[in-house]
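File shown: protein05.txt (compact mmCIF, C-alpha atoms and all ligand atoms).
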```txt
# COMPACT_ATOMS: atom_id res chain seq x y z
CA MET R 246 89.93 102.29 103.97
CA PRO R 247 91.24 104.45 101.15
CA GLU R 248 89.49 107.82 101.19
CA GLY R 249 89.90 110.79 98.83
CA PRO R 250 93.53 111.58 99.80
CA GLU R 251 94.60 107.95 99.48
CA VAL R 252 92.93 107.63 96.08
CA GLU R 253 94.54 110.90 94.92
CA CYS R 254 97.95 109.65 96.15
CA THR R 255 97.35 106.43 94.24
CA LYS R 256 96.55 108.39 91.10
CA LEU R 257 99.70 110.49 91.42
CA SER R 258 101.86 107.45 92.13
CA LEU R 259 100.63 105.76 88.93
CA GLN R 260 102.09 108.56 86.77
CA PRO R 261 104.99 106.35 85.54
CA ILE R 262 102.55 104.18 83.55
CA ILE R 263 100.72 107.06 81.84
CA GLY R 264 101.37 106.97 78.09
CA LYS R 265 102.47 103.31 78.21
CA PHE R 266 101.10 100.59 75.95
CA ILE R 267 99.32 97.66 77.52
CA LYS R 268 100.58 94.20 76.71
CA LYS R 269 97.92 92.45 78.71
CA ILE R 270 95.49 93.01 81.56
CA GLN R 271 95.35 89.74 83.39
CA PHE R 272 92.82 88.52 85.90
CA THR R 273 94.19 86.17 88.50
CA SER R 274 92.29 83.12 89.67
CA LEU R 275 91.25 85.12 92.75
CA SER R 276 89.55 87.87 90.78
CA GLN R 277 87.20 85.41 89.05
CA LYS R 278 85.56 84.61 92.35
CA TYR R 279 84.28 88.05 93.17
CA PRO R 280 81.21 89.52 91.54
CA LYS R 281 82.46 93.08 92.11
CA TYR R 282 84.73 92.54 89.11
CA GLN R 283 81.94 93.29 86.69
CA ASN R 284 83.65 92.19 83.49
CA LYS R 285 85.38 89.00 82.46
CA GLN R 286 88.92 88.38 81.29
CA VAL R 287 87.78 88.39 77.66
CA ASP R 288 86.50 91.97 78.06
CA PHE R 289 89.90 93.11 79.28
CA ASP R 290 91.64 91.46 76.29
CA PHE R 291 90.46 94.45 74.20
CA PHE R 292 92.97 96.60 76.04
CA SER R 293 96.02 94.72 74.72
CA GLY R 294 98.08 96.99 72.45
CA LYS R 295 96.22 100.11 73.61
CA ARG R 296 97.76 103.14 75.26
CA LEU R 297 96.84 104.42 78.71
CA GLU R 298 96.27 108.14 78.18
CA ARG R 299 95.50 109.36 81.67
CA ILE R 300 94.01 108.46 85.04
CA GLU R 301 91.51 110.83 86.62
CA ARG R 302 90.01 110.79 90.09
CA LYS R 303 86.36 111.50 90.81
CA GLY R 304 85.62 111.19 94.52
CA LYS R 305 87.03 107.80 95.46
CA PHE R 306 86.94 106.45 91.89
CA LEU R 307 89.83 106.21 89.47
CA ILE R 308 88.92 106.59 85.79
CA TRP R 309 91.43 104.97 83.45
CA VAL R 310 91.23 106.57 80.01
CA PHE R 311 92.73 104.80 76.96
CA ASN R 312 93.40 105.83 73.37
CA PHE R 313 90.48 103.91 71.88
CA GLY R 314 87.44 105.06 73.82
CA LYS R 315 86.89 102.33 76.37
CA ILE R 316 87.25 103.30 80.02
CA ILE R 317 88.03 101.30 83.13
CA LEU R 318 86.41 102.55 86.32
CA ASN R 319 88.30 101.36 89.38
CA HIS R 320 87.32 101.69 93.04
CA LEU R 321 89.83 100.64 95.67
CA GLY R 322 87.08 99.40 97.98
CA MET R 323 88.09 98.76 101.59
CA SER R 324 91.67 97.66 101.10
CA GLY R 325 92.66 97.86 97.44
CA LYS R 326 96.05 99.22 96.48
CA TRP R 327 98.21 99.44 93.39
CA LEU R 328 101.83 98.35 93.48
CA PHE R 329 104.63 98.09 90.94
CA VAL R 330 106.52 94.80 91.15
CA GLU R 331 109.38 93.24 89.20
CA GLU R 332 108.30 90.49 86.80
CA LYS R 333 110.35 87.92 88.67
CA GLN R 334 109.34 89.11 92.12
CA GLU R 335 106.96 86.98 94.15
CA LEU R 336 103.51 88.55 94.03
CA PRO R 337 101.59 89.62 97.15
CA SER R 338 98.97 87.03 98.05
CA HIS R 339 95.76 88.93 97.24
CA ILE R 340 96.48 90.12 93.72
CA LYS R 341 93.33 90.42 91.61
CA ILE R 342 94.62 92.20 88.50
CA ILE R 343 98.05 92.23 86.85
CA ILE R 344 98.87 94.72 84.08
CA HIS R 345 101.78 93.95 81.77
CA PHE R 346 103.15 96.85 79.70
CA GLU R 347 105.01 96.92 76.38
CA ASP R 348 107.40 99.62 77.51
CA PHE R 349 107.50 99.57 81.30
CA GLU R 350 109.73 97.04 83.00
CA LYS R 351 107.52 96.46 86.04
CA LEU R 352 104.06 94.99 86.46
CA ALA R 353 101.25 97.09 87.92
CA VAL R 354 99.32 94.85 90.30
CA PHE R 355 96.10 95.43 92.22
CA ASP R 356 96.25 93.90 95.68
CA ASP R 357 92.93 93.67 97.51
CA VAL R 358 92.79 91.70 100.76
CA ARG R 359 89.13 92.34 101.53
CA ASN R 360 87.78 92.04 98.00
CA PHE R 361 85.64 95.15 97.86
CA GLY R 362 87.61 96.68 95.00
CA GLN R 363 85.79 97.24 91.72
CA PHE R 364 86.67 97.18 88.04
CA ARG R 365 84.06 98.07 85.48
CA ILE R 366 84.48 98.68 81.77
CA PHE R 367 82.55 101.46 80.00
CA GLU R 368 82.32 102.00 76.26
CA SER R 369 82.97 105.73 76.46
CA TYR R 370 83.85 108.58 78.79
CA ASP R 371 80.32 109.97 78.46
CA GLN R 372 78.93 106.65 79.60
CA VAL R 373 81.01 106.85 82.78
CA LEU R 374 79.68 110.33 83.48
CA GLN R 375 76.14 108.94 83.24
CA TYR R 376 76.91 106.14 85.72
CA ASN R 377 74.91 107.04 88.84
CA PRO R 378 77.66 106.96 91.50
CA ILE R 379 79.70 109.31 89.26
CA LYS R 380 76.80 111.42 88.03
CA LYS R 381 75.53 112.15 91.52
CA ILE R 382 78.89 112.79 93.11
CA GLY R 383 79.00 115.91 95.31
CA VAL R 384 81.68 118.60 95.57
CA ASP R 385 85.24 117.33 95.54
CA GLY R 386 86.57 117.72 99.08
CA LEU R 387 90.10 117.88 97.68
CA ALA R 388 89.39 120.66 95.18
CA LEU R 389 91.33 123.90 95.65
CA PRO R 390 89.95 126.35 96.41
CA PHE R 391 87.36 124.35 98.33
CA PRO R 392 83.96 124.80 96.56
CA MET R 393 82.34 126.29 99.64
CA GLU R 394 79.18 127.69 98.05
CA ASP R 395 78.33 124.39 96.34
CA PHE R 396 79.09 122.54 99.58
CA LEU R 397 76.64 124.79 101.44
CA ILE R 398 73.97 124.32 98.75
CA ASN R 399 74.33 120.54 99.11
CA LEU R 400 74.36 120.67 102.90
CA ASN R 401 71.19 122.79 102.94
CA LYS R 402 69.20 120.21 100.95
CA SER R 403 66.05 119.27 102.79
CA ASN R 404 66.84 115.56 103.01
CA TYR R 405 69.74 116.31 105.37
CA LYS R 406 68.18 118.77 107.81
CA ASN R 407 66.85 116.24 110.34
CA ARG R 408 69.90 114.01 110.19
CA GLU R 409 73.06 113.98 112.28
CA ILE R 410 76.01 115.76 110.73
CA GLY R 411 78.32 112.84 111.58
CA ASP R 412 75.99 110.46 109.79
CA ILE R 413 75.72 112.33 106.49
CA LEU R 414 79.38 113.17 105.96
CA LEU R 415 80.00 109.79 104.35
CA ASP R 416 77.41 110.57 101.68
CA GLN R 417 79.53 111.05 98.55
CA ASN R 418 76.69 113.04 96.98
CA LEU R 419 77.25 115.74 99.60
CA VAL R 420 81.04 115.94 99.53
CA ALA R 421 83.20 113.37 97.80
CA GLY R 422 86.37 111.97 99.31
CA LEU R 423 85.45 111.73 102.98
CA GLY R 424 85.46 108.31 104.63
CA ASN R 425 85.43 107.11 108.17
CA ILE R 426 88.81 108.50 109.22
CA TYR R 427 88.56 112.01 107.83
CA ARG R 428 84.94 112.56 108.84
CA SER R 429 85.94 112.15 112.51
CA GLU R 430 89.02 114.31 112.04
CA SER R 431 87.11 117.02 110.13
CA LEU R 432 84.40 117.24 112.80
CA PHE R 433 87.05 117.51 115.51
CA ARG R 434 88.87 120.24 113.59
CA ALA R 435 85.60 122.14 113.18
CA GLY R 436 84.65 121.60 116.86
CA ILE R 437 81.29 120.04 115.94
CA LYS R 438 79.81 117.11 117.84
CA PRO R 439 78.86 114.35 115.37
CA THR R 440 75.37 113.96 116.85
CA ARG R 441 74.35 117.56 116.06
CA LEU R 442 71.39 117.72 113.68
CA VAL R 443 72.18 119.54 110.46
CA LYS R 444 69.30 121.98 111.04
CA SER R 445 70.92 123.09 114.32
CA LEU R 446 74.11 124.30 112.59
CA ASN R 447 74.32 127.98 111.74
CA ILE R 448 75.97 129.28 108.59
CA LYS R 449 79.26 130.09 110.32
CA THR R 450 79.51 126.57 111.72
CA LYS R 451 78.72 125.08 108.32
CA ARG R 452 81.46 127.17 106.73
CA ASN R 453 83.89 126.12 109.45
CA LEU R 454 83.08 122.52 108.65
CA GLY R 455 83.78 123.10 104.96
CA TYR R 456 87.17 124.60 105.78
CA ALA R 457 87.92 121.80 108.24
CA ILE R 458 87.13 119.16 105.62
CA SER R 459 89.37 120.86 103.10
CA GLU R 460 92.28 121.30 105.53
CA THR R 461 91.98 117.74 106.82
CA LEU R 462 91.99 116.20 103.34
CA GLN R 463 94.84 118.44 102.14
CA GLN R 464 96.95 117.54 105.14
CA ALA R 465 96.31 113.83 104.53
CA LEU R 466 97.24 114.26 100.89
CA GLU R 467 100.55 115.90 101.80
CA CYS R 468 101.30 112.94 104.09
CA GLN R 469 100.54 110.39 101.35
CA GLY R 470 97.41 109.28 103.21
CA SER R 471 96.90 107.22 106.37
CA THR R 472 98.02 103.69 106.98
CA PHE R 473 97.45 101.25 109.82
CA ASN R 474 99.22 98.04 110.76
CA ILE R 475 96.02 96.09 110.61
CA GLN R 476 95.37 97.08 107.01
CA PRO R 477 98.35 98.90 105.55
CA PHE R 478 97.58 101.33 102.77
CA GLU R 479 100.37 102.05 100.35
CA THR R 480 101.05 103.23 96.84
CA PRO R 481 104.03 102.56 94.58
CA LEU R 482 105.60 105.53 96.41
CA GLY R 483 105.34 103.85 99.82
CA LEU R 484 103.35 104.11 103.04
CA GLY R 485 101.48 107.20 104.20
CA SER R 486 102.01 108.98 107.52
CA ALA R 487 98.80 110.98 108.05
CA GLN R 488 97.87 108.65 110.92
CA ASN R 489 100.58 110.39 112.99
CA TRP R 490 98.52 113.56 113.32
CA HIS R 491 95.08 112.01 113.84
CA LYS R 492 93.50 113.70 116.84
CA VAL R 493 90.50 111.43 117.49
CA TYR R 494 90.23 108.63 114.93
CA ASP R 495 90.74 105.20 116.55
CA LYS R 496 91.64 106.87 119.87
CA GLU R 497 88.67 105.87 122.03
CA ASN R 498 89.47 106.22 125.78
CA GLN R 499 92.70 108.07 125.03
CA LEU R 500 93.08 111.64 126.24
CA CYS R 501 92.31 114.53 123.93
CA GLN R 502 95.54 116.33 122.99
CA ILE R 503 93.85 119.69 123.47
CA CYS R 504 91.81 119.35 126.68
CA GLU R 505 92.70 115.90 128.09
CA ALA R 506 89.09 114.73 128.15
CA GLU R 507 88.58 111.09 127.13
CA ILE R 508 87.90 110.56 123.44
CA ARG R 509 84.60 108.78 122.86
CA ALA R 510 83.16 106.77 120.00
CA ILE R 511 79.61 106.27 118.76
CA LYS R 512 78.46 103.80 116.14
CA ARG R 513 76.47 104.81 113.08
CA ASN R 514 75.64 102.25 110.37
CA GLY R 515 78.12 99.87 111.92
CA ARG R 516 81.01 102.34 111.74
CA ARG R 517 82.47 104.31 114.59
CA ILE R 518 82.75 108.08 114.79
CA PHE R 519 85.32 109.37 117.27
CA PHE R 520 85.04 112.72 119.04
CA CYS R 521 86.08 114.77 122.06
CA PRO R 522 82.99 115.44 124.23
CA ASN R 523 84.61 118.63 125.50
CA CYS R 524 86.14 120.24 122.39
CA GLN R 525 83.22 119.42 120.13
CA LYS R 526 79.89 121.16 120.78
ZN ZN R 601 89.23 117.92 123.74
```
Starting from the file, lay out its structure as structure tokens.
Amino acid sequence: MPEGPEVECTKLSLQPIIGKFIKKIQFTSLSQKYPKYQNKQVDFDFFSGKRLERIERKGKFLIWVFNFGKIILNHLGMSGKWLFVEEKQELPSHIKIIIHFEDFEKLAVFDDVRNFGQFRIFESYDQVLQYNPIKKIGVDGLALPFPMEDFLINLNKSNYKNREIGDILLDQNLVAGLGNIYRSESLFRAGIKPTRLVKSLNIKTKRNLGYAISETLQQALECQGSTFNIQPFETPLGLGSAQNWHKVYDKENQLCQICEAEIRAIKRNGRRIFFCPNCQK
């Protein structure tokens, strides 16, 4: 699943279309079927002839800003990815959105095998900022320097104190950009067992976790994100390679590279957290 680094890589890889004029944003027959695509084709017709000014990232959202006020908010969901394809090229089989440009020879296409991607039109930038998932978003895990003090303020909120640290790290209101892969990797890097209650962590351990999150996400960003055979993530720049340095994610029963104990996995909300029972206390 695309997490903060993958979404940031996607944003950077879409730079060639910034400043281009839209000929047409086209829904495919597939996109009509899924309610996550909040607007209809007719709503996207307003974008024809308009210029794409910039794309911003907030957490795992991409905010597409145009020269006439309207905004498209895009979430990659579980498997969404943007690709540039030649007009005559055969399209991948799960394309939901096709963008034709006036002055860019390729098509930008949104491929989404599992259909959790989102597109939502807002009338203004301010309206996007008032949209709850954006408004409530926590510190940006990819920000440099890492906003440690704000991270600690969020982590010390009373609603987290009796919960497991592994459980709350997916809460985008705490820190934005972590998903299933990088929460396991961040906890391993910080040496914290995912089942530890937040109230049991001292200030030094909390700071270590903040640094571990930042380092993990930065490393993933440098590697163009993580990709897996089962659900390849890619951008117009190609496949990522961050999976090559994962220490625990998806490695249940394999030996820890540090201490050779067996990596274990626990399930929380239907998703697995991987950890080394020896290195993580
Ligand atoms: Zn270990």
TODO: Mind giving me the straight-line distance from CA of Arg359 (chain R) to CA of Met323 (chain R) in Å, one decimal?
DONE: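 Computed distance, CA of Arg359 (chain R) to CA of Met323 (chain R), equals 6.5 Å.
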Open item on the list: Could you list the protein, DNA and RNA residues that have any atom within 10 Å of ligand ZN 601 (chain R), counting all atoms listed in the file, and write them as a ChimeraX atom specification?
Closed with: /R:433,436,492-493,500-508,520-525
- [ ] Between CA of Lys295 (chain R) and CA of Gly483 (chain R), measure the distance and give it in Å to one decimal.
- [x] 28.0 Å
Task: Between CA of Lys512 (chain R) and CA of Phe396 (chain R) - distance in Å to one decimal - done: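 One can read the CA of Phe396 (chain R) to CA of Lys512 (chain R) distance as 25.0 Å.
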Open item on the list: The residues within 6 Å of (97.9, 96.4, 89.3), using all atoms listed in the file and the coordinates of the file, should be reported as a list in words; which are they?
Closed with: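 All residues meeting the 6 Å criterion around (97.9, 96.4, 89.3) are Trp327, Ile342, Ile343, Ile344, Ala353, Val354 and Phe355 of chain R.
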Atoms to include: C-alpha atoms. Write the selected residues as a PDB file, in the frame of the given file.
```
ATOM      1  CA  TRP R 327      98.210  99.440  93.390  1.00  0.00           C
ATOM      2  CA  ILE R 342      94.620  92.200  88.500  1.00  0.00           C
ATOM      3  CA  ILE R 343      98.050  92.230  86.850  1.00  0.00           C
ATOM      4  CA  ILE R 344      98.870  94.720  84.080  1.00  0.00           C
ATOM      5  CA  ALA R 353     101.250  97.090  87.920  1.00  0.00           C
ATOM      6  CA  VAL R 354      99.320  94.850  90.300  1.00  0.00           C
ATOM      7  CA  PHE R 355      96.100  95.430  92.220  1.00  0.00           C
TER       8      PHE R 355
END
```
Open item on the list: Let me make sure I understand: among R:Gln271, R:Leu352, R:Gly249, R:Leu318, which one has the smallest atom-to-atom distance to Glu332 (chain R) if we use all atoms listed in the file?
Closed with: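 Nearest to Glu332 (chain R): R:Leu352.
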Task: Contacts of region 385-391 of chain R within 12 Å, all atoms listed in the file, excl. fewer than 2 positions in-chain, as number ranges by chain - done: R: 248-254, 302-306, 379, 381-383, 393-397, 399, 414-424, 427-428, 431, 452-467
Please write out, as AutoDock Vina command-line options, where the centre of an axis-aligned box around all listed atoms of region 450-465 of chain R lies and how long its edges are, in Å to one decimal, after adding 6 Å on each side.
```
--center_x 87.8 --center_y 120.5 --center_z 106.9 --size_x 30.2 --size_y 25.3 --size_z 21.6
```
Open item on the list: Residues near Asn489 (chain R), anyone? I mean within 10 Å using only C-alpha atoms, not counting same-chain ones fewer than 6 positions away, as a list in words.
Closed with: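 So the residues in contact are Cys468, Ser471 and Thr472 of chain R.
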TODO: Rank nothing, just name the residue among R:Gly314, R:Pro481, R:Pro337, R:Pro439 nearest to Lys256 (chain R), using all atoms listed in the file.
DONE: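 Of R:Gly314, R:Pro481, R:Pro337, R:Pro439, the one nearest Lys256 (chain R), counting all atoms listed in the file, is R:Pro481.
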Open item on the list: Using all atoms listed in the file, which protein or nucleic acid residues come within 10 Å of Ile262 (chain R)? Drop anything in the same chain fewer than 2 positions from it, and give the result as a list in words.
Closed with: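 Contacts, with the query itself left out: Ser258, Leu259, Gln260, Gly264, Lys265, Phe266, Ile267, Arg296, Leu297, Glu298, Arg299, Ile300, Phe329, Phe346, Asp348, Phe349, Lys351, Leu352 and Ala353 of chain R.
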For region 453-489 of chain R, where the input has fewer atoms than it should, I would like N, CA and C atoms rebuilt and written as an mmCIF file, in the coordinates of the input.
```
data_model
loop_
_atom_site.group_PDB
_atom_site.id
_atom_site.type_symbol
_atom_site.label_atom_id
_atom_site.label_comp_id
_atom_site.auth_asym_id
_atom_site.auth_seq_id
_atom_site.Cartn_x
_atom_site.Cartn_y
_atom_site.Cartn_z
ATOM 1 N N ASN R 453 82.738 126.678 108.728
ATOM 2 C CA ASN R 453 83.890 126.120 109.450
ATOM 3 C C ASN R 453 84.091 124.649 109.119
ATOM 4 N N LEU R 454 82.982 123.949 108.994
ATOM 5 C CA LEU R 454 83.080 122.520 108.650
ATOM 6 C C LEU R 454 83.673 122.343 107.256
ATOM 7 N N GLY R 455 83.221 123.172 106.323
ATOM 8 C CA GLY R 455 83.780 123.100 104.960
ATOM 9 C C GLY R 455 85.288 123.314 104.973
ATOM 10 N N TYR R 456 85.725 124.347 105.700
ATOM 11 C CA TYR R 456 87.170 124.600 105.780
ATOM 12 C C TYR R 456 87.896 123.439 106.455
ATOM 13 N N ALA R 457 87.283 122.898 107.503
ATOM 14 C CA ALA R 457 87.920 121.800 108.240
ATOM 15 C C ALA R 457 88.073 120.563 107.353
ATOM 16 N N ILE R 458 87.045 120.293 106.541
ATOM 17 C CA ILE R 458 87.130 119.160 105.620
ATOM 18 C C ILE R 458 88.279 119.362 104.642
ATOM 19 N N SER R 459 88.326 120.562 104.080
ATOM 20 C CA SER R 459 89.370 120.860 103.100
ATOM 21 C C SER R 459 90.757 120.733 103.716
ATOM 22 N N GLU R 460 90.948 121.331 104.884
ATOM 23 C CA GLU R 460 92.280 121.300 105.530
ATOM 24 C C GLU R 460 92.665 119.876 105.911
ATOM 25 N N THR R 461 91.691 119.113 106.404
ATOM 26 C CA THR R 461 91.980 117.740 106.820
ATOM 27 C C THR R 461 92.405 116.894 105.623
ATOM 28 N N LEU R 462 91.665 117.018 104.529
ATOM 29 C CA LEU R 462 91.990 116.200 103.340
ATOM 30 C C LEU R 462 93.313 116.643 102.724
ATOM 31 N N GLN R 463 93.568 117.954 102.708
ATOM 32 C CA GLN R 463 94.840 118.440 102.140
ATOM 33 C C GLN R 463 96.028 117.954 102.969
ATOM 34 N N GLN R 464 95.863 117.986 104.282
ATOM 35 C CA GLN R 464 96.950 117.540 105.140
ATOM 36 C C GLN R 464 97.230 116.047 104.915
ATOM 37 N N ALA R 465 96.150 115.274 104.782
ATOM 38 C CA ALA R 465 96.310 113.830 104.530
ATOM 39 C C ALA R 465 97.001 113.593 103.194
ATOM 40 N N LEU R 466 96.641 114.403 102.214
ATOM 41 C CA LEU R 466 97.240 114.260 100.890
ATOM 42 C C LEU R 466 98.751 114.522 100.953
ATOM 43 N N GLU R 467 99.123 115.574 101.672
ATOM 44 C CA GLU R 467 100.550 115.900 101.800
ATOM 45 C C GLU R 467 101.323 114.773 102.476
ATOM 46 N N CYS R 468 100.651 114.042 103.353
ATOM 47 C CA CYS R 468 101.300 112.940 104.090
ATOM 48 C C CYS R 468 101.177 111.615 103.354
ATOM 49 N N GLN R 469 100.717 111.632 102.112
ATOM 50 C CA GLN R 469 100.540 110.390 101.350
ATOM 51 C C GLN R 469 99.486 109.475 101.969
ATOM 52 N N GLY R 470 98.513 110.065 102.655
ATOM 53 C CA GLY R 470 97.410 109.280 103.210
ATOM 54 C C GLY R 470 97.742 108.641 104.546
ATOM 55 N N SER R 471 96.760 107.874 105.057
ATOM 56 C CA SER R 471 96.900 107.220 106.370
ATOM 57 C C SER R 471 97.084 105.727 106.170
ATOM 58 N N THR R 472 97.877 105.141 107.031
ATOM 59 C CA THR R 472 98.020 103.690 106.980
ATOM 60 C C THR R 472 98.005 103.123 108.390
ATOM 61 N N PHE R 473 97.529 101.901 108.515
ATOM 62 C CA PHE R 473 97.450 101.250 109.820
ATOM 63 C C PHE R 473 98.016 99.852 109.703
ATOM 64 N N ASN R 474 98.612 99.379 110.795
ATOM 65 C CA ASN R 474 99.220 98.040 110.760
ATOM 66 C C ASN R 474 98.230 96.979 110.339
ATOM 67 N N ILE R 475 97.007 97.138 110.834
ATOM 68 C CA ILE R 475 96.020 96.090 110.610
ATOM 69 C C ILE R 475 95.663 95.986 109.117
ATOM 70 N N GLN R 476 95.760 97.073 108.414
ATOM 71 C CA GLN R 476 95.370 97.080 107.010
ATOM 72 C C GLN R 476 96.192 98.144 106.283
ATOM 73 N N PRO R 477 97.468 97.856 106.068
ATOM 74 C CA PRO R 477 98.350 98.900 105.550
ATOM 75 C C PRO R 477 97.922 99.410 104.193
ATOM 76 N N PHE R 478 97.837 100.728 104.080
ATOM 77 C CA PHE R 478 97.580 101.330 102.770
ATOM 78 C C PHE R 478 98.918 101.805 102.220
ATOM 79 N N GLU R 479 99.167 101.520 100.965
ATOM 80 C CA GLU R 479 100.370 102.050 100.350
ATOM 81 C C GLU R 479 100.156 102.249 98.867
ATOM 82 N N THR R 480 101.056 103.006 98.288
ATOM 83 C CA THR R 480 101.050 103.230 96.840
ATOM 84 C C THR R 480 102.441 102.810 96.361
ATOM 85 N N PRO R 481 102.666 102.846 95.041
ATOM 86 C CA PRO R 481 104.030 102.560 94.580
ATOM 87 C C PRO R 481 105.076 103.499 95.191
ATOM 88 N N LEU R 482 104.645 104.615 95.783
ATOM 89 C CA LEU R 482 105.600 105.530 96.410
ATOM 90 C C LEU R 482 105.841 105.211 97.885
ATOM 91 N N GLY R 483 105.093 104.248 98.424
ATOM 92 C CA GLY R 483 105.340 103.850 99.820
ATOM 93 C C GLY R 483 104.136 104.078 100.718
ATOM 94 N N LEU R 484 104.408 103.997 102.033
ATOM 95 C CA LEU R 484 103.350 104.110 103.040
ATOM 96 C C LEU R 484 103.080 105.578 103.366
ATOM 97 N N GLY R 485 101.828 105.856 103.772
ATOM 98 C CA GLY R 485 101.480 107.200 104.200
ATOM 99 C C GLY R 485 101.812 107.426 105.665
ATOM 100 N N SER R 486 101.707 108.693 106.110
ATOM 101 C CA SER R 486 102.010 108.980 107.520
ATOM 102 C C SER R 486 100.973 109.878 108.168
ATOM 103 N N ALA R 487 99.817 110.066 107.502
ATOM 104 C CA ALA R 487 98.800 110.980 108.050
ATOM 105 C C ALA R 487 98.259 110.496 109.396
ATOM 106 N N GLN R 488 98.355 109.187 109.640
ATOM 107 C CA GLN R 488 97.870 108.650 110.920
ATOM 108 C C GLN R 488 98.591 109.297 112.110
ATOM 109 N N ASN R 489 99.790 109.814 111.896
ATOM 110 C CA ASN R 489 100.580 110.390 112.990
ATOM 111 C C ASN R 489 99.969 111.677 113.548
#
```
